[in-house]
>>> print(open('final.txt').read())   # compact mmCIF, C-alpha atoms and all ligand atoms
# COMPACT_ATOMS: atom_id res chain seq x y z
CA MET A 8 4.96 15.59 6.34
CA ALA A 9 2.92 15.45 3.19
CA PHE A 10 4.05 13.89 -0.05
CA LYS A 11 3.00 14.38 -3.61
CA GLY A 12 3.17 11.25 -5.69
CA GLN A 13 3.50 10.34 -9.33
CA ILE A 14 3.01 6.93 -10.86
CA VAL A 15 4.32 5.65 -14.17
CA ILE A 16 2.12 2.97 -15.71
CA ASP A 17 3.55 0.54 -18.27
CA THR A 18 0.19 0.47 -20.06
CA GLU A 19 1.19 -2.22 -22.58
CA ARG A 20 1.85 -4.66 -19.70
CA CYS A 21 -1.36 -3.83 -17.82
CA LYS A 22 -4.05 -6.53 -17.86
CA GLY A 23 -6.88 -4.33 -16.62
CA CYS A 24 -7.55 -6.52 -13.58
CA ALA A 25 -8.56 -3.49 -11.43
CA VAL A 26 -6.92 -4.88 -8.30
CA CYS A 27 -4.86 -1.66 -8.02
CA LEU A 28 -7.96 0.54 -8.19
CA ALA A 29 -9.40 -1.22 -5.15
CA ALA A 30 -6.14 -0.60 -3.25
CA CYS A 31 -5.74 3.15 -3.93
CA PRO A 32 -6.74 5.17 -0.84
CA VAL A 33 -7.43 8.38 -2.80
CA GLN A 34 -9.12 7.02 -5.93
CA CYS A 35 -6.73 8.67 -8.33
CA ILE A 36 -6.55 5.78 -10.82
CA ALA A 37 -9.19 4.21 -13.06
CA LEU A 38 -9.40 1.91 -16.05
CA SER A 39 -9.19 3.72 -19.38
CA LYS A 40 -11.96 3.52 -21.95
CA ASN A 41 -9.19 2.72 -24.42
CA VAL A 42 -7.47 -0.63 -24.72
CA ASN A 43 -3.81 -1.55 -25.12
CA GLY A 44 -2.28 -3.81 -27.77
CA LYS A 45 -3.55 -6.92 -25.96
CA GLY A 46 -7.10 -5.57 -25.72
CA TYR A 47 -7.07 -4.74 -22.02
CA ASN A 48 -8.52 -1.53 -20.60
CA TYR A 49 -5.37 -0.26 -18.93
CA THR A 50 -4.98 1.75 -15.73
CA GLU A 51 -4.62 5.52 -16.02
CA THR A 52 -4.29 8.43 -13.59
CA VAL A 53 -7.50 10.45 -13.34
CA ASN A 54 -6.55 13.27 -10.94
CA ASP A 55 -3.53 14.69 -9.09
CA LYS A 56 -4.38 13.36 -5.61
CA CYS A 57 -1.66 10.67 -5.66
CA ILE A 58 0.34 10.57 -2.40
CA GLY A 59 2.97 8.08 -3.57
CA CYS A 60 1.92 5.40 -1.06
CA ALA A 61 2.66 2.53 -3.52
CA SER A 62 -0.44 0.57 -2.47
CA CYS A 63 -1.33 0.13 -6.13
CA ALA A 64 2.13 -1.20 -6.94
CA MET A 65 2.08 -3.59 -3.95
CA VAL A 66 -0.96 -5.47 -5.26
CA CYS A 67 -0.28 -5.32 -9.01
CA PRO A 68 0.53 -8.90 -10.05
CA ASP A 69 2.35 -7.72 -13.16
CA GLY A 70 4.66 -5.05 -11.74
CA VAL A 71 3.11 -2.51 -14.10
CA ILE A 72 3.25 0.53 -11.80
CA SER A 73 6.35 2.47 -10.72
CA VAL A 74 5.84 4.96 -7.90
CA TYR A 75 7.67 8.22 -7.16
CA LYS A 76 7.18 10.82 -4.46
CA ILE A 77 8.40 14.25 -3.43
CA LYS A 78 7.96 16.32 -0.26
CA CYS A 79 5.48 19.17 -0.52
CA MET B 2 11.93 -2.55 -22.04
CA ASN B 3 9.75 0.39 -23.00
CA GLN B 4 11.93 3.44 -23.75
CA ASP B 5 9.13 5.98 -23.13
CA ILE B 6 8.51 4.51 -19.68
CA GLU B 7 12.20 4.60 -18.80
CA ALA B 8 12.45 8.22 -20.01
CA ARG B 9 9.46 9.26 -17.89
CA LYS B 10 10.94 7.57 -14.81
CA GLN B 11 14.26 9.36 -15.36
CA GLU B 12 12.44 12.68 -15.83
CA LEU B 13 10.77 12.33 -12.42
CA LEU B 14 14.11 11.51 -10.77
CA ASN B 15 15.60 14.61 -12.43
CA GLN B 16 12.76 16.67 -10.96
CA GLY B 17 13.79 15.56 -7.47
CA TYR B 18 11.31 12.73 -6.96
CA THR B 19 12.46 9.62 -5.09
CA GLU B 20 11.62 6.18 -6.42
CA VAL B 21 9.28 4.37 -4.02
CA TYR B 22 8.66 1.30 -6.15
CA THR B 23 9.58 -0.15 -9.51
CA LYS B 24 9.57 -3.72 -10.79
CA THR B 25 12.71 -5.59 -9.71
CA LYS B 26 15.30 -6.57 -12.32
CA VAL B 27 15.22 -10.11 -10.92
CA LEU B 28 11.98 -10.47 -12.89
CA THR B 29 12.54 -10.68 -16.65
CA ASP B 30 10.67 -8.45 -19.07
CA ALA B 31 8.58 -11.40 -20.27
CA VAL B 32 4.87 -10.74 -19.82
CA MET B 33 3.56 -13.35 -17.39
CA HIS B 34 0.94 -15.66 -18.89
CA TYR B 35 -1.19 -15.59 -15.75
CA CYS B 36 -4.82 -14.45 -15.93
CA PRO B 37 -5.37 -10.77 -15.04
CA GLY B 38 -5.28 -10.31 -11.26
CA CYS B 39 -3.92 -13.79 -10.46
CA GLY B 40 -1.99 -14.02 -7.17
CA HIS B 41 0.77 -16.05 -8.83
CA GLY B 42 2.10 -12.84 -10.39
CA THR B 43 2.13 -11.02 -7.05
CA THR B 44 3.84 -13.96 -5.35
CA HIS B 45 6.48 -14.12 -8.12
CA ARG B 46 7.13 -10.42 -7.59
CA LEU B 47 7.67 -10.87 -3.85
CA VAL B 48 10.06 -13.81 -4.24
CA ALA B 49 12.02 -11.83 -6.87
CA GLU B 50 12.14 -8.73 -4.66
CA VAL B 51 13.49 -10.77 -1.74
CA ILE B 52 16.18 -12.31 -3.98
CA ASP B 53 17.06 -8.80 -5.18
CA GLU B 54 17.20 -7.28 -1.70
CA MET B 55 19.31 -10.17 -0.34
CA GLY B 56 21.72 -9.79 -3.28
CA ILE B 57 21.60 -13.52 -4.08
CA GLN B 58 20.55 -13.42 -7.74
CA ASP B 59 23.73 -15.31 -8.73
CA ASN B 60 23.43 -17.88 -5.96
CA VAL B 61 19.84 -19.08 -5.95
CA VAL B 62 18.06 -21.94 -7.71
CA GLY B 63 14.28 -22.13 -8.06
CA VAL B 64 12.35 -25.30 -8.76
CA SER B 65 9.07 -24.88 -10.62
CA PRO B 66 6.10 -27.24 -10.46
CA VAL B 67 3.43 -28.48 -12.80
CA GLY B 68 0.44 -26.18 -12.60
CA CYS B 69 -0.17 -22.63 -13.77
CA SER B 70 3.28 -21.66 -12.48
CA VAL B 71 5.00 -24.30 -14.63
CA LEU B 72 6.62 -21.51 -16.66
CA ALA B 73 7.94 -19.62 -13.62
CA TYR B 74 11.49 -20.05 -14.99
CA ASN B 75 10.62 -17.66 -17.82
CA TYR B 76 9.88 -14.86 -15.38
CA PHE B 77 12.79 -15.04 -12.94
CA ASP B 78 16.25 -14.02 -14.13
CA ILE B 79 17.89 -16.74 -11.99
CA ASP B 80 18.81 -20.42 -12.36
CA PHE B 81 15.86 -22.76 -12.41
CA GLN B 82 14.99 -26.44 -12.56
CA GLU B 83 11.63 -27.81 -13.70
CA ALA B 84 10.37 -30.76 -11.65
CA ALA B 85 7.97 -33.52 -12.59
CA HIS B 86 4.49 -32.97 -11.12
CA GLY B 87 4.75 -32.79 -7.32
CA ARG B 88 8.43 -33.69 -7.21
CA ALA B 89 9.87 -30.20 -6.65
CA PRO B 90 10.89 -30.86 -3.00
CA ALA B 91 12.82 -33.99 -4.08
CA LEU B 92 14.62 -32.10 -6.85
CA ALA B 93 15.28 -29.17 -4.52
CA THR B 94 16.75 -31.63 -2.01
CA ALA B 95 19.26 -32.81 -4.60
CA VAL B 96 20.17 -29.27 -5.69
CA LYS B 97 20.66 -28.16 -2.09
CA ARG B 98 22.69 -31.18 -1.03
CA LEU B 99 25.01 -30.76 -4.02
CA ASN B 100 25.25 -26.99 -3.45
CA PRO B 101 24.79 -26.49 0.29
CA ASP B 102 25.66 -22.78 0.13
CA THR B 103 23.23 -21.99 -2.66
CA PHE B 104 19.75 -20.73 -1.79
CA VAL B 105 17.16 -23.20 -3.08
CA PHE B 106 13.39 -22.82 -3.18
CA THR B 107 10.40 -24.64 -4.62
CA TYR B 108 7.38 -22.78 -5.95
CA GLN B 109 4.28 -24.99 -6.04
CA GLY B 110 0.49 -24.94 -6.25
CA ASP B 111 -1.89 -26.85 -4.00
CA GLY B 112 -2.51 -29.62 -6.53
CA ASP B 113 1.22 -30.06 -7.03
CA LEU B 114 2.29 -29.80 -3.38
CA ALA B 115 -0.70 -31.25 -1.53
CA ALA B 116 -2.09 -33.87 -3.95
CA ILE B 117 0.31 -35.61 -6.34
CA GLY B 118 3.36 -34.39 -4.40
CA THR B 119 2.19 -35.04 -0.85
CA ALA B 120 4.86 -37.69 -0.23
CA GLU B 121 7.69 -35.45 -1.46
CA THR B 122 6.36 -32.54 0.60
CA ILE B 123 6.05 -34.48 3.84
CA HIS B 124 9.38 -36.24 3.53
CA ALA B 125 11.37 -33.13 2.57
CA CYS B 126 9.80 -31.38 5.59
CA ASN B 127 10.44 -34.35 7.83
CA ARG B 128 14.06 -34.66 6.70
CA GLY B 129 14.48 -31.00 7.54
CA GLU B 130 16.03 -30.08 4.20
CA ASN B 131 17.50 -26.59 4.37
CA ILE B 132 15.28 -25.24 1.59
CA THR B 133 12.40 -22.80 1.27
CA MET B 134 9.02 -23.98 -0.02
CA ILE B 135 6.59 -21.41 -1.45
CA PHE B 136 3.10 -22.91 -1.58
CA VAL B 137 0.41 -21.04 -3.52
CA ASN B 138 -2.97 -22.24 -2.27
CA ASN B 139 -5.89 -21.23 -4.49
CA GLY B 140 -8.09 -24.16 -3.48
CA ILE B 141 -8.27 -25.54 -7.00
CA TYR B 142 -6.39 -27.02 -9.95
CA GLY B 143 -6.14 -23.76 -11.88
CA MET B 144 -4.13 -24.93 -14.87
CA THR B 145 -6.29 -27.85 -15.91
CA GLY B 146 -9.60 -26.01 -15.72
CA GLY B 147 -10.63 -25.71 -12.10
CA GLN B 148 -10.99 -29.25 -10.76
CA MET B 149 -11.28 -29.97 -7.02
CA ALA B 150 -7.98 -29.94 -5.12
CA PRO B 151 -7.33 -31.41 -1.65
CA THR B 152 -7.62 -27.80 -0.43
CA THR B 153 -11.03 -27.10 -2.02
CA LEU B 154 -13.44 -25.90 0.69
CA ILE B 155 -16.53 -27.83 1.77
CA GLY B 156 -19.40 -26.56 -0.36
CA MET B 157 -17.06 -24.96 -2.90
CA LYS B 158 -17.97 -25.53 -6.52
CA SER B 159 -15.34 -26.74 -8.96
CA ALA B 160 -15.36 -28.50 -12.33
CA THR B 161 -15.41 -31.88 -10.56
CA THR B 162 -17.69 -30.82 -7.67
CA PRO B 163 -20.33 -28.87 -9.62
CA TYR B 164 -22.75 -28.93 -6.66
CA GLY B 165 -20.05 -28.12 -4.12
CA ARG B 166 -17.52 -30.33 -2.32
CA ARG B 167 -19.18 -32.93 -0.08
CA VAL B 168 -17.40 -34.50 2.88
CA ASP B 169 -19.14 -37.86 2.42
CA ILE B 170 -17.85 -38.16 -1.13
CA ASN B 171 -14.76 -35.97 -1.30
CA GLY B 172 -13.41 -35.98 2.25
CA TYR B 173 -12.10 -32.96 4.15
CA PRO B 174 -10.03 -30.01 2.95
CA LEU B 175 -6.38 -30.76 3.69
CA ARG B 176 -4.54 -28.25 5.86
CA ILE B 177 -1.13 -29.47 4.87
CA THR B 178 0.60 -26.43 6.32
CA GLU B 179 -0.65 -27.21 9.85
CA LEU B 180 0.20 -30.85 9.22
CA ILE B 181 3.85 -30.26 8.29
CA SER B 182 4.24 -27.78 11.15
CA THR B 183 4.07 -30.76 13.53
CA LEU B 184 7.15 -32.34 11.93
CA PRO B 185 10.45 -31.67 13.72
CA GLY B 186 12.20 -30.96 10.40
CA THR B 187 10.29 -27.73 9.76
CA TYR B 188 11.90 -24.59 11.22
CA TYR B 189 9.50 -21.89 10.01
CA VAL B 190 5.90 -22.40 8.90
CA THR B 191 3.56 -19.55 8.04
CA ARG B 192 0.42 -18.76 6.05
CA GLN B 193 0.12 -15.42 4.29
CA SER B 194 -1.95 -13.84 1.52
CA VAL B 195 -1.46 -11.26 -1.24
CA GLN B 196 -4.80 -9.50 -1.80
CA THR B 197 -4.16 -6.14 -0.07
CA PRO B 198 -1.11 -3.86 0.26
CA ALA B 199 -0.79 -4.74 3.98
CA ALA B 200 -1.03 -8.48 3.29
CA VAL B 201 1.56 -8.18 0.52
CA ARG B 202 4.04 -6.45 2.85
CA LYS B 203 3.59 -9.17 5.50
CA ALA B 204 3.90 -11.94 2.93
CA LYS B 205 7.14 -10.42 1.66
CA ALA B 206 8.58 -10.24 5.20
CA ALA B 207 7.68 -13.93 5.65
CA ILE B 208 9.35 -14.91 2.37
CA ARG B 209 12.44 -12.94 3.39
CA LYS B 210 12.60 -14.80 6.70
CA ALA B 211 12.12 -18.11 4.92
CA PHE B 212 15.13 -17.38 2.69
CA GLU B 213 17.30 -15.93 5.50
CA ASN B 214 16.65 -19.11 7.51
CA GLN B 215 18.56 -21.19 4.95
CA LYS B 216 21.81 -19.69 6.29
CA LEU B 217 21.08 -21.22 9.72
CA LYS B 218 20.85 -24.80 8.34
CA LYS B 219 18.24 -25.67 10.95
CA GLY B 220 15.53 -27.07 8.73
CA LEU B 221 12.89 -26.29 6.18
CA SER B 222 11.00 -22.99 5.86
CA PHE B 223 7.50 -23.18 4.44
CA VAL B 224 5.40 -20.21 3.30
CA GLU B 225 1.81 -20.82 2.22
CA ILE B 226 0.30 -17.96 0.22
CA LEU B 227 -3.48 -17.81 -0.07
CA SER B 228 -4.22 -16.64 -3.59
CA ASN B 229 -7.18 -16.16 -5.87
CA CYS B 230 -7.76 -18.26 -8.97
CA ASN B 231 -10.30 -15.87 -10.40
CA SER B 232 -10.69 -17.85 -13.65
CA GLY B 233 -11.22 -21.13 -11.84
CA TRP B 234 -13.58 -19.55 -9.33
CA LYS B 235 -15.40 -17.77 -12.17
CA MET B 236 -15.22 -14.31 -10.63
CA THR B 237 -13.59 -10.99 -11.42
CA PRO B 238 -10.19 -10.56 -9.72
CA VAL B 239 -11.62 -8.01 -7.24
CA GLN B 240 -14.58 -10.28 -6.39
CA ALA B 241 -12.22 -13.24 -6.08
CA ASN B 242 -10.02 -11.43 -3.55
CA LYS B 243 -13.12 -10.56 -1.49
CA TRP B 244 -14.37 -14.17 -1.74
CA MET B 245 -10.97 -15.36 -0.58
CA GLU B 246 -11.14 -13.13 2.51
CA ASP B 247 -14.69 -14.25 3.31
CA ASN B 248 -14.27 -17.98 2.68
CA MET B 249 -10.67 -19.11 2.41
CA MET B 250 -9.40 -17.16 5.42
CA PRO B 251 -11.81 -18.60 8.04
CA ASN B 252 -10.76 -22.07 6.87
CA TYR B 253 -7.10 -21.29 6.40
CA PRO B 254 -6.20 -18.73 9.10
CA VAL B 255 -3.40 -16.36 8.14
CA GLY B 256 -0.34 -15.96 10.39
CA ASP B 257 2.77 -17.69 11.67
CA ILE B 258 2.30 -21.31 12.78
CA LYS B 259 5.89 -22.19 13.70
CA VAL B 260 8.76 -19.75 14.23
CA ASP B 261 12.42 -20.63 14.92
CA GLY B 262 11.52 -24.28 15.27
CA LYS B 263 8.77 -23.69 17.88
CA LEU B 264 5.00 -23.86 17.37
CA VAL B 265 3.44 -20.44 17.95
CA GLU B 266 1.66 -20.62 21.31
CA ASN B 267 -1.74 -19.22 20.42
CA VAL B 268 -2.11 -21.40 17.32
CA ASP B 269 -3.82 -24.65 18.24
CA VAL B 270 -2.61 -26.98 15.51
CA ALA B 271 -4.30 -30.01 17.08
CA ARG B 272 -7.65 -28.22 17.20
CA LEU B 273 -7.27 -27.06 13.61
CA ALA B 274 -6.58 -30.64 12.58
CA VAL B 275 -9.89 -31.97 13.92
CA ASP B 276 -12.25 -28.99 13.64
CA HIS B 277 -14.73 -29.13 10.78
CA PRO B 278 -13.86 -26.31 8.44
CA LEU B 279 -16.68 -23.90 7.75
CA SER B 280 -18.84 -24.57 4.73
CA VAL B 281 -18.87 -21.93 2.03
CA MET B 282 -21.75 -20.48 0.05
CA GLN B 283 -21.36 -19.51 -3.57
C1 LIG A 301 1.49 -36.79 -13.79
C2 LIG A 301 0.48 -35.73 -14.08
N1 LIG A 301 -0.77 -35.84 -13.59
C3 LIG A 301 -1.69 -34.89 -13.83
C4 LIG A 301 -1.37 -33.80 -14.60
C5 LIG A 301 -2.42 -32.74 -14.87
N2 LIG A 301 -2.21 -31.54 -14.08
C6 LIG A 301 -1.53 -30.50 -14.57
S1 LIG A 301 -1.48 -29.21 -13.51
C7 LIG A 301 -2.40 -30.06 -12.37
C8 LIG A 301 -2.80 -29.45 -11.06
C9 LIG A 301 -2.41 -28.04 -10.90
O1 LIG A 301 -2.98 -27.49 -9.76
P1 LIG A 301 -2.15 -26.64 -8.73
O2 LIG A 301 -0.92 -27.34 -8.34
O3 LIG A 301 -3.09 -26.27 -7.63
O4 LIG A 301 -1.67 -25.36 -9.56
P2 LIG A 301 -2.48 -24.06 -10.02
O5 LIG A 301 -2.62 -24.21 -11.48
O6 LIG A 301 -3.78 -24.02 -9.30
O7 LIG A 301 -1.58 -22.95 -9.62
C10 LIG A 301 -2.74 -31.32 -12.84
C11 LIG A 301 -3.55 -32.29 -12.08
C12 LIG A 301 -0.05 -33.72 -15.10
N3 LIG A 301 0.36 -32.66 -15.81
N4 LIG A 301 0.84 -34.68 -14.82
S1 LIG A 302 0.73 5.49 -5.17
FE1 LIG A 302 -0.97 5.39 -3.68
S2 LIG A 302 -2.13 7.25 -4.06
FE2 LIG A 302 -0.79 6.99 -5.86
S3 LIG A 302 -2.05 5.86 -7.35
FE3 LIG A 302 -0.91 4.35 -6.17
S4 LIG A 302 -2.30 3.77 -4.50
FE4 LIG A 302 -3.08 5.69 -5.35
S1 LIG A 303 -3.15 -4.17 -10.89
FE1 LIG A 303 -1.59 -3.93 -12.50
S2 LIG A 303 -2.33 -5.20 -14.19
FE2 LIG A 303 -4.07 -4.90 -12.80
S3 LIG A 303 -5.16 -3.11 -13.61
FE3 LIG A 303 -3.72 -2.36 -12.07
S4 LIG A 303 -1.86 -1.83 -13.22
FE4 LIG A 303 -3.10 -3.13 -14.55
S1 LIG A 304 -6.16 -20.29 -14.01
FE1 LIG A 304 -6.21 -19.46 -11.93
S2 LIG A 304 -4.19 -19.89 -11.03
FE2 LIG A 304 -4.04 -20.13 -13.28
S3 LIG A 304 -3.32 -18.14 -14.04
FE3 LIG A 304 -5.56 -18.15 -14.17
S4 LIG A 304 -6.26 -17.24 -12.22
FE4 LIG A 304 -4.10 -17.84 -11.95
MG MG A 305 -4.08 -24.53 -7.29
>>> encode(input="final.txt", output="structure tokens")
Amino acid sequence: MAFKGQIVIDTERCKGCAVCLAACPVQCIALSKNVNGKGYNYTETVNDKCIGCASCAMVCPDGVISVYKIKC
Amino acid sequence: MNQDIEARKQELLNQGYTEVYTKTKVLTDAVMHYCPGCGHGTTHRLVAEVIDEMGIQDNVVGVSPVGCSVLAYNYFDIDFQEAAHGRAPALATAVKRLNPDTFVFTYQGDGDLAAIGTAETIHACNRGENITMIFVNNGIYGMTGGQMAPTTLIGMKSATTPYGRRVDINGYPLRITELISTLPGTYYVTRQSVQTPAAVRKAKAAIRKAFENQKLKKGLSFVEILSNCNSGWKMTPVQANKWMEDNMMPNYPVGDIKVDGKLVENVDVARLAVDHPLSVMQ
């Protein structure tokens, strides 16, 4: 069964550590060229390949990412 | 709380999506002061998730250390005590003995637990206090600027070992987790890590077990978490996690050491105690 995922990133809390990027199996997140209020390049979604596996959320030290999925 | 974020999350639920993960309410909304990518944040998250899933938010007391995690009480929405440097297991002993049905845990770094607090650690373990100890080992004194800790690897550079730790001057890295596993008072002893999704899931299961064990009143549960101190190691967080896998893990093997009061058969604690740890290259 395949799933389509969506993540919600609390960009103001993101510290741009990139640990989540290394954990994503489908490379659908990257650091933005823009910075948040604290000056960090925050994580953003770059394509619609997300499968809702929550690997990014598992390794994020700051609990920035919420993960949702739906059957497709 | 960010209203836009909450609205977006609700919108997805309305569209029929299921929530797979969101930050637990047992963590406050305070932004953690930890450096980007620091394993302290991940470890906080796991402890908070376990407290949430066990439904014990109103019946748990944490004891924070001196070290980077000194402010842990700002991040958990639970009762907390702040101990003097290294004394968390002694304070936790008092809290637990006065409130035997309350879940009590310490959260300590390697400098706190294995240097200045070695006596408190060993005696709480040896007395078999019915508490959980969470031990974040990053091989360094992170808070004070990256000085050598008892856990610093041979050859590892730190502010006080600029050419690398030397056995003839600095002695051997201390594997305190193996050491306390030999004490009859410890009921569960394990070493985990938090650098990959799989490691995080295993570490969380270990923390859950360490909390559940308190109900049995059979002794102390001890969870070491290998963690990066990317600032102290002077690396990016991603490099630091890789360095941890390549260097910390051969010296500090991940896995259960003692389960349900019995040493795990294929873990040779005696051999680990005498074997020279591998030297690291930086
Ligand atoms: C009595 C006393 N001695 C020394 C210090 C200085 N000091 C503060 S934190 C620390 C060590 C912290 O290292 P660790 O426990 O490994 O925590 P980390 O920051 O690495 O998580 C030291 C030596 C102090 N605050 N109090
Ligand atoms: S949920 Fe999985 S697929 Fe989606 S961004 Fe996170 S790691 Fe990538
Ligand atoms: S792991 Fe968390 S804090 Fe780090 S870049 Fe990803 S979302 Fe931001
Ligand atoms: S100094 Fe090290 S242990 Fe402390 S917050 Fe920074 S990375 Fe984490
Ligand atoms: Mg430390």
>>> interface_residues(input="final.txt", of="chain B", to="chain A", cutoff="9 Å", atoms="all atoms listed in the file", output="MDAnalysis selection string")
chainID B and resid 3 6 9:10 13:14 17:25 32:33 35:46 195:199 201:202 237:239 242
>>> write_last_selection(input="final.txt", atoms="C-alpha atoms", output="PDB file, in the frame of the given file")
ATOM      1  CA  ASN B   3       9.750   0.390 -23.000  1.00  0.00           C
ATOM      2  CA  ILE B   6       8.510   4.510 -19.680  1.00  0.00           C
ATOM      3  CA  ARG B   9       9.460   9.260 -17.890  1.00  0.00           C
ATOM      4  CA  LYS B  10      10.940   7.570 -14.810  1.00  0.00           C
ATOM      5  CA  LEU B  13      10.770  12.330 -12.420  1.00  0.00           C
ATOM      6  CA  LEU B  14      14.110  11.510 -10.770  1.00  0.00           C
ATOM      7  CA  GLY B  17      13.790  15.560  -7.470  1.00  0.00           C
ATOM      8  CA  TYR B  18      11.310  12.730  -6.960  1.00  0.00           C
ATOM      9  CA  THR B  19      12.460   9.620  -5.090  1.00  0.00           C
ATOM     10  CA  GLU B  20      11.620   6.180  -6.420  1.00  0.00           C
ATOM     11  CA  VAL B  21       9.280   4.370  -4.020  1.00  0.00           C
ATOM     12  CA  TYR B  22       8.660   1.300  -6.150  1.00  0.00           C
ATOM     13  CA  THR B  23       9.580  -0.150  -9.510  1.00  0.00           C
ATOM     14  CA  LYS B  24       9.570  -3.720 -10.790  1.00  0.00           C
ATOM     15  CA  THR B  25      12.710  -5.590  -9.710  1.00  0.00           C
ATOM     16  CA  VAL B  32       4.870 -10.740 -19.820  1.00  0.00           C
ATOM     17  CA  MET B  33       3.560 -13.350 -17.390  1.00  0.00           C
ATOM     18  CA  TYR B  35      -1.190 -15.590 -15.750  1.00  0.00           C
ATOM     19  CA  CYS B  36      -4.820 -14.450 -15.930  1.00  0.00           C
ATOM     20  CA  PRO B  37      -5.370 -10.770 -15.040  1.00  0.00           C
ATOM     21  CA  GLY B  38      -5.280 -10.310 -11.260  1.00  0.00           C
ATOM     22  CA  CYS B  39      -3.920 -13.790 -10.460  1.00  0.00           C
ATOM     23  CA  GLY B  40      -1.990 -14.020  -7.170  1.00  0.00           C
ATOM     24  CA  HIS B  41       0.770 -16.050  -8.830  1.00  0.00           C
ATOM     25  CA  GLY B  42       2.100 -12.840 -10.390  1.00  0.00           C
ATOM     26  CA  THR B  43       2.130 -11.020  -7.050  1.00  0.00           C
ATOM     27  CA  THR B  44       3.840 -13.960  -5.350  1.00  0.00           C
ATOM     28  CA  HIS B  45       6.480 -14.120  -8.120  1.00  0.00           C
ATOM     29  CA  ARG B  46       7.130 -10.420  -7.590  1.00  0.00           C
ATOM     30  CA  VAL B 195      -1.460 -11.260  -1.240  1.00  0.00           C
ATOM     31  CA  GLN B 196      -4.800  -9.500  -1.800  1.00  0.00           C
ATOM     32  CA  THR B 197      -4.160  -6.140  -0.070  1.00  0.00           C
ATOM     33  CA  PRO B 198      -1.110  -3.860   0.260  1.00  0.00           C
ATOM     34  CA  ALA B 199      -0.790  -4.740   3.980  1.00  0.00           C
ATOM     35  CA  VAL B 201       1.560  -8.180   0.520  1.00  0.00           C
ATOM     36  CA  ARG B 202       4.040  -6.450   2.850  1.00  0.00           C
ATOM     37  CA  THR B 237     -13.590 -10.990 -11.420  1.00  0.00           C
ATOM     38  CA  PRO B 238     -10.190 -10.560  -9.720  1.00  0.00           C
ATOM     39  CA  VAL B 239     -11.620  -8.010  -7.240  1.00  0.00           C
ATOM     40  CA  ASN B 242     -10.020 -11.430  -3.550  1.00  0.00           C
TER      41      ASN B 242
END
>>> residues_near_ligand(input="final.txt", ligand="ligand LIG 301 (chain A)", cutoff="6 Å", atoms="all atoms listed in the file", output="ChimeraX atom specification")
/B:67-70,86,110-113,139,141-145
>>> axis_aligned_box(input="final.txt", around="ligand LIG 302 (chain A)", padding_each_side="8 Å", output="AutoDock Vina command-line options")
--center_x -1.2 --center_y 5.5 --center_z -5.5 --size_x 19.8 --size_y 19.5 --size_z 19.7
>>> residues_around(input="final.txt", residues="B:Asp102", least_positions_apart="3", cutoff="10 Å", atoms="only C-alpha atoms", output="MDAnalysis selection string")
chainID B and resid 60:61 97:99 105 131 215:216 218
>>> write_last_selection(input="final.txt", atoms="C-alpha atoms", output="CSV table (one decimal), in the frame of the given file")
chain,number,residue,atom,x,y,z
B,60,ASN,CA,23.4,-17.9,-6.0
B,61,VAL,CA,19.8,-19.1,-6.0
B,97,LYS,CA,20.7,-28.2,-2.1
B,98,ARG,CA,22.7,-31.2,-1.0
B,99,LEU,CA,25.0,-30.8,-4.0
B,105,VAL,CA,17.2,-23.2,-3.1
B,131,ASN,CA,17.5,-26.6,4.4
B,215,GLN,CA,18.6,-21.2,5.0
B,216,LYS,CA,21.8,-19.7,6.3
B,218,LYS,CA,20.8,-24.8,8.3
>>> atom_distance(input="final.txt", atom1="atom S1 of ligand LIG 302 (chain A)", atom2="atom CA of A:Glu51")
12.1 Å
>>> closest_residue(input="final.txt", among="B:Tyr164, B:Trp234, B:Trp244, B:Tyr253", to="ligand MG 305 (chain A)", atoms="all atoms listed in the file")
B:Trp234
>>> atom_distance(input="final.txt", atom1="atom CA of B:Ile258", atom2="atom CA of B:Thr191")
5.2 Å
>>> closest_residue(input="final.txt", among="A:Val42, A:Cys35, A:Tyr49, A:Phe10", to="ligand LIG 303 (chain A)", atoms="all atoms listed in the file")
A:Tyr49
>>> closest_residue(input="final.txt", among="B:Val265, B:Ala120, B:Ala115, B:Ala91", to="B:Thr153", atoms="all atoms listed in the file")
B:Ala115
